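Here's my_file_21.csv, which has CSV, C-alpha atoms:
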chain,number,residue,atom,x,y,z
A,1,MET,CA,-19.6,34.3,5.1
A,2,ASP,CA,-21.1,31.7,2.8
A,3,PRO,CA,-20.0,28.1,2.0
A,4,ARG,CA,-18.6,27.6,-1.5
A,5,TYR,CA,-20.9,24.6,-2.2
A,6,SER,CA,-24.2,23.2,-0.9
A,7,ILE,CA,-24.2,20.2,1.4
A,8,PRO,CA,-26.7,17.6,0.3
A,9,THR,CA,-29.3,16.5,2.8
A,10,ILE,CA,-27.9,13.5,4.5
A,11,ARG,CA,-29.9,11.4,7.0
A,12,LYS,CA,-28.4,7.9,6.7
A,13,ARG,CA,-25.0,6.5,7.9
A,14,ASN,CA,-23.9,5.1,4.5
A,15,GLU,CA,-24.7,8.5,2.8
A,16,ALA,CA,-22.6,10.3,5.4
A,17,ILE,CA,-19.7,7.9,5.0
A,18,ASP,CA,-19.7,8.3,1.2
A,19,PHE,CA,-19.8,12.0,1.4
A,20,GLN,CA,-17.0,12.1,4.0
A,21,ALA,CA,-14.8,9.9,1.8
A,22,GLU,CA,-15.3,12.3,-1.0
A,23,ILE,CA,-14.2,15.3,1.1
A,24,ALA,CA,-11.3,13.3,2.6
A,25,SER,CA,-9.9,12.8,-0.9
A,26,LYS,CA,-9.8,16.6,-1.4
A,27,ILE,CA,-8.1,17.5,1.9
A,28,HIS,CA,-4.5,18.9,1.5
A,29,LEU,CA,-2.3,20.2,4.2
A,30,THR,CA,0.1,22.3,2.1
A,31,PRO,CA,0.2,25.8,3.7
A,32,GLU,CA,-1.2,28.5,1.5
A,33,TYR,CA,-1.5,31.5,3.8
A,34,GLU,CA,0.3,34.2,5.6
A,35,GLU,CA,0.0,35.0,9.3
A,36,PRO,CA,-3.7,35.4,10.1
A,37,SER,CA,-5.1,38.6,11.4
A,38,LEU,CA,-8.6,37.3,12.1
A,39,ILE,CA,-9.4,33.8,13.5
A,40,ALA,CA,-12.8,32.2,13.7
A,41,ALA,CA,-13.4,29.6,16.5
A,42,VAL,CA,-16.3,27.2,16.4
A,43,ASP,CA,-18.0,25.2,19.2
A,44,THR,CA,-21.4,23.8,19.9
A,45,ALA,CA,-23.6,22.9,22.9
A,46,TYR,CA,-26.7,20.6,23.1
A,47,GLY,CA,-30.0,21.3,24.8
A,48,ASP,CA,-33.6,19.9,25.1
A,49,ASN,CA,-32.3,16.5,26.0
A,50,GLY,CA,-30.0,16.4,23.0
A,51,GLU,CA,-32.6,17.4,20.5
A,52,LEU,CA,-31.2,20.8,19.7
A,53,VAL,CA,-27.7,21.8,18.8
A,54,PHE,CA,-26.5,25.4,19.5
A,55,ALA,CA,-23.5,26.6,17.4
A,56,SER,CA,-21.3,29.6,18.1
A,57,VAL,CA,-18.7,31.2,15.9
A,58,VAL,CA,-16.4,33.8,17.5
A,59,VAL,CA,-14.1,36.0,15.3
A,60,THR,CA,-11.1,37.4,17.1
A,61,THR,CA,-8.1,39.5,16.1
A,62,PHE,CA,-4.7,37.8,16.2
A,63,PRO,CA,-2.4,38.0,18.1
A,64,GLU,CA,-4.3,40.4,20.4
A,65,ILE,CA,-7.4,38.1,20.6
A,66,GLU,CA,-10.0,40.8,20.8
A,67,ILE,CA,-13.5,39.9,19.8
A,68,VAL,CA,-14.6,41.4,16.5
A,69,GLU,CA,-17.8,39.5,15.9
A,70,ARG,CA,-19.8,36.5,17.1
A,71,ALA,CA,-22.8,34.7,15.7
A,72,SER,CA,-24.9,31.9,17.0
A,73,TYR,CA,-27.6,29.6,15.6
A,74,TYR,CA,-29.5,26.6,16.8
A,75,SER,CA,-31.4,23.9,15.0
A,76,PRO,CA,-33.0,20.5,15.6
A,77,VAL,CA,-30.7,17.5,15.5
A,78,THR,CA,-31.6,15.5,12.4
A,79,PHE,CA,-28.7,13.0,12.4
A,80,PRO,CA,-28.0,10.3,15.0
A,81,TYR,CA,-24.9,10.3,17.2
A,82,LEU,CA,-22.4,8.2,15.3
A,83,PRO,CA,-18.7,8.4,16.3
A,84,GLY,CA,-16.6,10.0,13.5
A,85,LEU,CA,-19.6,11.6,11.8
A,86,LEU,CA,-20.2,14.6,14.0
A,87,PHE,CA,-20.3,17.1,11.1
A,88,PHE,CA,-23.6,15.6,9.9
A,89,ARG,CA,-25.1,16.1,13.3
A,90,GLU,CA,-23.8,19.7,14.0
A,91,GLY,CA,-23.0,21.0,10.5
A,92,THR,CA,-26.3,22.7,9.7
A,93,ALA,CA,-26.3,24.9,12.8
A,94,ILE,CA,-22.6,25.8,12.3
A,95,ILE,CA,-23.1,26.7,8.6
A,96,GLU,CA,-26.1,28.9,9.5
A,97,ALA,CA,-24.0,30.7,12.2
A,98,PHE,CA,-21.2,31.3,9.6
A,99,LYS,CA,-23.7,32.9,7.2
A,100,LYS,CA,-24.2,35.7,9.7
A,101,LEU,CA,-20.6,36.8,9.8
A,102,ARG,CA,-19.6,40.0,8.2
A,103,GLU,CA,-15.9,39.4,8.5
A,104,THR,CA,-13.9,36.8,6.6
A,105,PRO,CA,-11.4,35.0,8.8
A,106,GLN,CA,-8.0,33.7,7.6
A,107,LEU,CA,-8.0,30.7,9.9
A,108,LEU,CA,-10.5,28.4,11.6
A,109,ILE,CA,-9.9,26.7,14.9
A,110,VAL,CA,-12.6,24.1,15.4
A,111,HIS,CA,-13.6,22.1,18.5
A,112,GLY,CA,-13.2,18.8,16.9
A,113,GLN,CA,-10.8,16.7,14.9
A,114,GLY,CA,-8.7,17.5,11.8
A,115,ILE,CA,-6.9,14.5,10.3
A,116,ALA,CA,-6.5,12.8,13.7
A,117,HIS,CA,-9.8,11.0,12.9
A,118,PRO,CA,-10.7,7.4,12.0
A,119,LYS,CA,-11.3,8.5,8.3
A,120,GLN,CA,-8.8,11.3,8.5
A,121,CYS,CA,-11.6,13.8,7.9
A,122,GLY,CA,-12.9,15.4,11.1
A,123,MET,CA,-15.2,18.3,11.6
A,124,ALA,CA,-12.4,20.8,11.0
A,125,CYS,CA,-11.5,19.2,7.7
A,126,HIS,CA,-15.1,19.5,6.5
A,127,LEU,CA,-15.3,23.2,7.5
A,128,GLY,CA,-11.9,24.1,6.1
A,129,HIS,CA,-12.7,22.6,2.8
A,130,LEU,CA,-16.3,24.0,2.8
A,131,TYR,CA,-15.0,27.6,3.2
A,132,ASP,CA,-11.6,27.1,1.5
A,133,VAL,CA,-10.0,28.5,4.7
A,134,PRO,CA,-7.0,27.1,6.6
A,135,ALA,CA,-8.3,25.0,9.5
A,136,ILE,CA,-7.1,23.3,12.7
A,137,GLY,CA,-8.9,20.8,14.8
A,138,CYS,CA,-8.4,21.2,18.6
A,139,SER,CA,-10.2,18.7,20.8
A,140,ARG,CA,-10.4,17.7,24.4
A,141,LYS,CA,-10.7,14.0,23.4
A,142,LEU,CA,-8.7,11.8,21.1
A,143,ILE,CA,-10.8,9.5,18.9
A,144,ALA,CA,-8.2,8.0,16.7
A,145,GLY,CA,-4.5,7.2,17.0
A,146,ARG,CA,-2.3,6.9,20.0
A,147,HIS,CA,0.4,8.9,21.8
A,148,ARG,CA,2.9,8.2,24.6
A,149,ASP,CA,2.3,9.5,28.1
A,150,LEU,CA,3.0,13.2,28.6
A,151,PRO,CA,4.9,14.7,31.6
A,152,GLU,CA,2.7,16.8,33.9
A,153,GLN,CA,4.5,20.0,33.0
A,154,LYS,CA,2.8,22.7,30.9
A,155,GLY,CA,4.2,22.6,27.3
A,156,SER,CA,4.9,18.9,27.2
A,157,ALA,CA,3.8,17.2,24.0
A,158,GLN,CA,3.8,13.9,22.2
A,159,PRO,CA,3.0,13.1,18.6
A,160,ILE,CA,-0.3,11.4,17.8
A,161,ILE,CA,0.4,8.4,15.6
A,162,LEU,CA,-2.3,7.2,13.3
A,163,ARG,CA,-1.7,4.5,10.7
A,164,GLY,CA,2.0,4.8,11.0
A,165,ARG,CA,2.3,8.6,10.6
A,166,GLU,CA,2.0,11.7,12.7
A,167,ALA,CA,-1.6,13.0,12.5
A,168,GLY,CA,-1.4,15.6,15.3
A,169,VAL,CA,0.0,16.3,18.7
A,170,ALA,CA,-1.1,15.8,22.3
A,171,TYR,CA,-0.2,19.0,24.1
A,172,ARG,CA,-0.5,19.8,27.8
A,173,SER,CA,-1.6,23.5,27.7
A,174,LYS,CA,-1.8,23.8,31.5
A,175,GLU,CA,0.2,22.0,34.2
A,176,LYS,CA,-1.5,18.9,35.7
A,177,VAL,CA,-4.5,19.3,33.4
A,178,LYS,CA,-5.5,16.8,30.7
A,179,PRO,CA,-3.9,17.6,27.3
A,180,ILE,CA,-5.6,19.0,24.2
A,181,PHE,CA,-5.3,17.2,20.9
A,182,ILE,CA,-4.3,19.4,17.9
A,183,SER,CA,-4.4,18.2,14.3
A,184,PRO,CA,-4.1,20.0,11.0
A,185,ALA,CA,-7.3,20.0,8.9
A,186,PHE,CA,-7.0,22.0,5.7
A,187,ARG,CA,-4.3,24.2,4.1
A,188,CYS,CA,-2.2,24.0,7.3
A,189,ASN,CA,0.5,21.6,8.3
A,190,LEU,CA,1.2,20.0,11.7
A,191,GLU,CA,3.9,22.4,12.7
A,192,GLN,CA,1.7,25.4,12.0
A,193,ALA,CA,-1.3,23.9,13.6
A,194,ARG,CA,0.6,23.4,16.9
A,195,ASP,CA,2.3,26.8,16.7
A,196,LEU,CA,-0.9,28.7,16.1
A,197,VAL,CA,-2.9,26.9,18.9
A,198,VAL,CA,-0.1,27.4,21.4
A,199,ARG,CA,0.2,31.1,20.5
A,200,ASN,CA,-3.6,31.5,21.2
A,201,LEU,CA,-3.3,30.0,24.7
A,202,ARG,CA,-4.0,32.5,27.5
A,203,GLY,CA,-3.7,30.5,30.7
A,204,TYR,CA,-6.6,28.1,30.1
A,205,ARG,CA,-6.7,24.5,28.8
A,206,GLN,CA,-8.2,25.6,25.4
A,207,PRO,CA,-6.9,28.3,23.1
A,208,GLU,CA,-8.6,31.5,23.9
A,209,PRO,CA,-10.8,31.9,20.8
A,210,LEU,CA,-12.1,28.4,21.2
A,211,ARG,CA,-12.7,28.9,24.9
A,212,LEU,CA,-14.8,32.0,24.0
A,213,ALA,CA,-16.8,30.1,21.4
A,214,HIS,CA,-17.5,27.4,24.0
A,215,LEU,CA,-18.7,30.0,26.5
A,216,PHE,CA,-20.9,31.8,24.0
A,217,ALA,CA,-22.5,28.5,22.7
A,218,ASN,CA,-23.5,27.6,26.2
A,219,LYS,CA,-24.6,31.2,27.0
A,220,PHE,CA,-26.8,31.2,23.9
A,221,LYS,CA,-28.3,27.8,24.9
A,222,ARG,CA,-29.2,29.1,28.3
A,223,LEU,CA,-30.7,32.2,26.8
A,224,VAL,CA,-32.9,30.2,24.5
A,225,GLU,CA,-34.0,27.9,27.3
A,226,LYS,CA,-34.7,30.9,29.6
A,227,LYS,CA,-36.9,32.5,26.9
A,228,GLY,CA,-38.8,29.3,26.7
A,229,GLY,CA,-38.0,28.3,23.1
A,230,PRO,CA,-36.2,29.2,19.9
A,231,ARG,CA,-38.4,31.6,18.0
A,232,PRO,CA,-37.7,35.0,19.5
A,233,ILE,CA,-33.9,34.8,19.3
A,234,ARG,CA,-33.1,32.3,16.5
A,235,ASN,CA,-30.7,34.7,14.8
A,236,GLU,CA,-28.2,36.1,17.3
A,237,SER,CA,-25.3,38.0,15.7
A,238,ILE,CA,-23.1,40.6,17.3
A,239,TYR,CA,-20.6,42.8,15.5
A,240,ASN,CA,-18.1,45.1,17.1
A,241,GLU,CA,-16.9,48.0,15.0
A,242,GLN,CA,-13.2,48.5,15.4

Would you mind writing the file's structure down as structure tokens?
Amino acid sequence: MDPRYSIPTIRKRNEAIDFQAEIASKIHLTPEYEEPSLIAAVDTAYGDNGELVFASVVVTTFPEIEIVERASYYSPVTFPYLPGLLFFREGTAIIEAFKKLRETPQLLIVHGQGIAHPKQCGMACHLGHLYDVPAIGCSRKLIAGRHRDLPEQKGSAQPIILRGREAGVAYRSKEKVKPIFISPAFRCNLEQARDLVVRNLRGYRQPEPLRLAHLFANKFKRLVEKKGGPRPIRNESIYNEQ
């Protein structure tokens, strides 16, 4: 699965901000898809004192949530940690992992933000636009906007308000556990983003495809560290014939 355009090499904050603003102007949330049969979930982990980023993409069937394929890639971190600009720090590894996929998903669920973002262009927006695939941001942290307090009960929710409009929803996916923050990112509206994330929950805080991506990213990191370095297993890719 290849991106539809090349990302320029970006190393400076002002370059990243300009590029992000360009992508933000192209984001639209008008739904353009039918019920997905394949979902790709994306998460990352860091190793070597934050000098390496490990990306994992897991493709699952929907609604069964059976793993079809997974791919991992890691690369050196070449962009500093700057709030709101995570794509430029992790994007290279994620894109390389996507390139290994044989299947083409109809939906992306990304550990990161959609439009609930200071510039209304989070990681999920970048990836949705890059691959021209409907995308949803689902994060464990809220970095922009506000919401009212949620009851402790599973299923309770409050809208995330950013600049006077709804940008997402804070949703308690498990009783007495911190909420997750869901926001549409590309070719998907708020109602659909919430519905699809909730329908992918399987008893854990995160939707199941994203939980699997998180587990595999960390497993891949440990495997690389156990092997003593990146070279022998740089290109991990597993495909399950159905």

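Minimum distance to A:Gly228 across A:Asp48, A:Tyr81, A:Arg187, A:Leu130 (counting only C-alpha atoms) occurs at A:Asp48.
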
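Using all atoms listed in the file, the smallest distance between any of A:Cys125, A:Ala45, A:Val77, A:Leu108 and A:Glu22 comes from A:Cys125.
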
### Task
Name the residues in contact with A:Pro63 at a cut-off of 9 Å, using only C-alpha atoms, excluding same-chain residues fewer than 4 positions from it; report them as a list in words.
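The contact residues come out as Pro36, Ser37, Leu38, Arg199 and Asn200 of chain A.
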
### Query
What separation in Å, quoted to one decimal, exists between atom CA of A:Thr9 and atom CA of A:Gly91?
10.9 Å

### Query
Which neighbours of A:Glu208 fall inside 12 Å, counting all atoms listed in the file, when residues of the same chain fewer than 2 positions from it are skipped, and could you give them as a PyMOL selection string?
chain A and resi 39-42+58-67+109-111+138+173+196-206+210-215

Can I get stretch 79-104 of chain A with N, CA and C atoms filled in, as a PDB file, in the frame of the given file?
ATOM      1  N   PHE A  79     -29.566  14.119  12.666  1.00  0.00           N
ATOM      2  CA  PHE A  79     -28.700  13.000  12.400  1.00  0.00           C
ATOM      3  C   PHE A  79     -28.307  12.323  13.666  1.00  0.00           C
ATOM      4  N   PRO A  80     -28.305  10.993  13.730  1.00  0.00           N
ATOM      5  CA  PRO A  80     -28.000  10.300  15.000  1.00  0.00           C
ATOM      6  C   PRO A  80     -26.545  10.508  15.415  1.00  0.00           C
ATOM      7  N   TYR A  81     -26.280  10.272  16.698  1.00  0.00           N
ATOM      8  CA  TYR A  81     -24.900  10.300  17.200  1.00  0.00           C
ATOM      9  C   TYR A  81     -24.176   9.087  16.698  1.00  0.00           C
ATOM     10  N   LEU A  82     -23.206   9.281  15.829  1.00  0.00           N
ATOM     11  CA  LEU A  82     -22.400   8.200  15.300  1.00  0.00           C
ATOM     12  C   LEU A  82     -20.922   8.668  15.414  1.00  0.00           C
ATOM     13  N   PRO A  83     -20.075   7.982  16.166  1.00  0.00           N
ATOM     14  CA  PRO A  83     -18.700   8.400  16.300  1.00  0.00           C
ATOM     15  C   PRO A  83     -18.023   8.618  14.935  1.00  0.00           C
ATOM     16  N   GLY A  84     -17.324   9.741  14.784  1.00  0.00           N
ATOM     17  CA  GLY A  84     -16.600  10.000  13.500  1.00  0.00           C
ATOM     18  C   GLY A  84     -17.447  10.752  12.504  1.00  0.00           C
ATOM     19  N   LEU A  85     -18.751  10.949  12.782  1.00  0.00           N
ATOM     20  CA  LEU A  85     -19.600  11.600  11.800  1.00  0.00           C
ATOM     21  C   LEU A  85     -20.331  12.814  12.414  1.00  0.00           C
ATOM     22  N   LEU A  86     -19.621  13.518  13.265  1.00  0.00           N
ATOM     23  CA  LEU A  86     -20.200  14.600  14.000  1.00  0.00           C
ATOM     24  C   LEU A  86     -20.625  15.791  13.084  1.00  0.00           C
ATOM     25  N   PHE A  87     -19.926  15.970  11.974  1.00  0.00           N
ATOM     26  CA  PHE A  87     -20.300  17.100  11.100  1.00  0.00           C
ATOM     27  C   PHE A  87     -21.717  16.978  10.607  1.00  0.00           C
ATOM     28  N   PHE A  88     -22.224  15.785  10.395  1.00  0.00           N
ATOM     29  CA  PHE A  88     -23.600  15.600   9.900  1.00  0.00           C
ATOM     30  C   PHE A  88     -24.629  15.847  10.956  1.00  0.00           C
ATOM     31  N   ARG A  89     -24.214  15.882  12.192  1.00  0.00           N
ATOM     32  CA  ARG A  89     -25.100  16.100  13.300  1.00  0.00           C
ATOM     33  C   ARG A  89     -25.131  17.636  13.664  1.00  0.00           C
ATOM     34  N   GLU A  90     -23.976  18.297  13.533  1.00  0.00           N
ATOM     35  CA  GLU A  90     -23.800  19.700  14.000  1.00  0.00           C
ATOM     36  C   GLU A  90     -23.652  20.675  12.823  1.00  0.00           C
ATOM     37  N   GLY A  91     -23.355  20.174  11.642  1.00  0.00           N
ATOM     38  CA  GLY A  91     -23.000  21.000  10.500  1.00  0.00           C
ATOM     39  C   GLY A  91     -23.988  22.082  10.142  1.00  0.00           C
ATOM     40  N   THR A  92     -25.255  21.735  10.137  1.00  0.00           N
ATOM     41  CA  THR A  92     -26.300  22.700   9.700  1.00  0.00           C
ATOM     42  C   THR A  92     -26.289  23.935  10.579  1.00  0.00           C
ATOM     43  N   ALA A  93     -26.252  23.757  11.892  1.00  0.00           N
ATOM     44  CA  ALA A  93     -26.300  24.900  12.800  1.00  0.00           C
ATOM     45  C   ALA A  93     -24.984  25.740  12.632  1.00  0.00           C
ATOM     46  N   ILE A  94     -23.843  25.076  12.466  1.00  0.00           N
ATOM     47  CA  ILE A  94     -22.600  25.800  12.300  1.00  0.00           C
ATOM     48  C   ILE A  94     -22.577  26.619  11.022  1.00  0.00           C
ATOM     49  N   ILE A  95     -23.042  26.028   9.931  1.00  0.00           N
ATOM     50  CA  ILE A  95     -23.100  26.700   8.600  1.00  0.00           C
ATOM     51  C   ILE A  95     -23.985  27.950   8.725  1.00  0.00           C
ATOM     52  N   GLU A  96     -25.135  27.803   9.363  1.00  0.00           N
ATOM     53  CA  GLU A  96     -26.100  28.900   9.500  1.00  0.00           C
ATOM     54  C   GLU A  96     -25.437  30.043  10.344  1.00  0.00           C
ATOM     55  N   ALA A  97     -24.674  29.677  11.367  1.00  0.00           N
ATOM     56  CA  ALA A  97     -24.000  30.700  12.200  1.00  0.00           C
ATOM     57  C   ALA A  97     -22.941  31.423  11.319  1.00  0.00           C
ATOM     58  N   PHE A  98     -22.196  30.692  10.518  1.00  0.00           N
ATOM     59  CA  PHE A  98     -21.200  31.300   9.600  1.00  0.00           C
ATOM     60  C   PHE A  98     -21.829  32.292   8.674  1.00  0.00           C
ATOM     61  N   LYS A  99     -23.021  32.003   8.212  1.00  0.00           N
ATOM     62  CA  LYS A  99     -23.700  32.900   7.200  1.00  0.00           C
ATOM     63  C   LYS A  99     -23.921  34.272   7.792  1.00  0.00           C
ATOM     64  N   LYS A 100     -23.955  34.418   9.097  1.00  0.00           N
ATOM     65  CA  LYS A 100     -24.200  35.700   9.700  1.00  0.00           C
ATOM     66  C   LYS A 100     -22.967  36.585   9.819  1.00  0.00           C
ATOM     67  N   LEU A 101     -21.795  36.000   9.624  1.00  0.00           N
ATOM     68  CA  LEU A 101     -20.600  36.800   9.800  1.00  0.00           C
ATOM     69  C   LEU A 101     -20.393  37.817   8.714  1.00  0.00           C
ATOM     70  N   ARG A 102     -19.933  38.991   9.121  1.00  0.00           N
ATOM     71  CA  ARG A 102     -19.600  40.000   8.200  1.00  0.00           C
ATOM     72  C   ARG A 102     -18.121  39.990   7.783  1.00  0.00           C
ATOM     73  N   GLU A 103     -17.297  39.519   8.712  1.00  0.00           N
ATOM     74  CA  GLU A 103     -15.900  39.400   8.500  1.00  0.00           C
ATOM     75  C   GLU A 103     -15.515  38.069   7.845  1.00  0.00           C
ATOM     76  N   THR A 104     -14.380  38.030   7.152  1.00  0.00           N
ATOM     77  CA  THR A 104     -13.900  36.800   6.600  1.00  0.00           C
ATOM     78  C   THR A 104     -12.573  36.423   7.287  1.00  0.00           C
TER      79      THR A 104
END
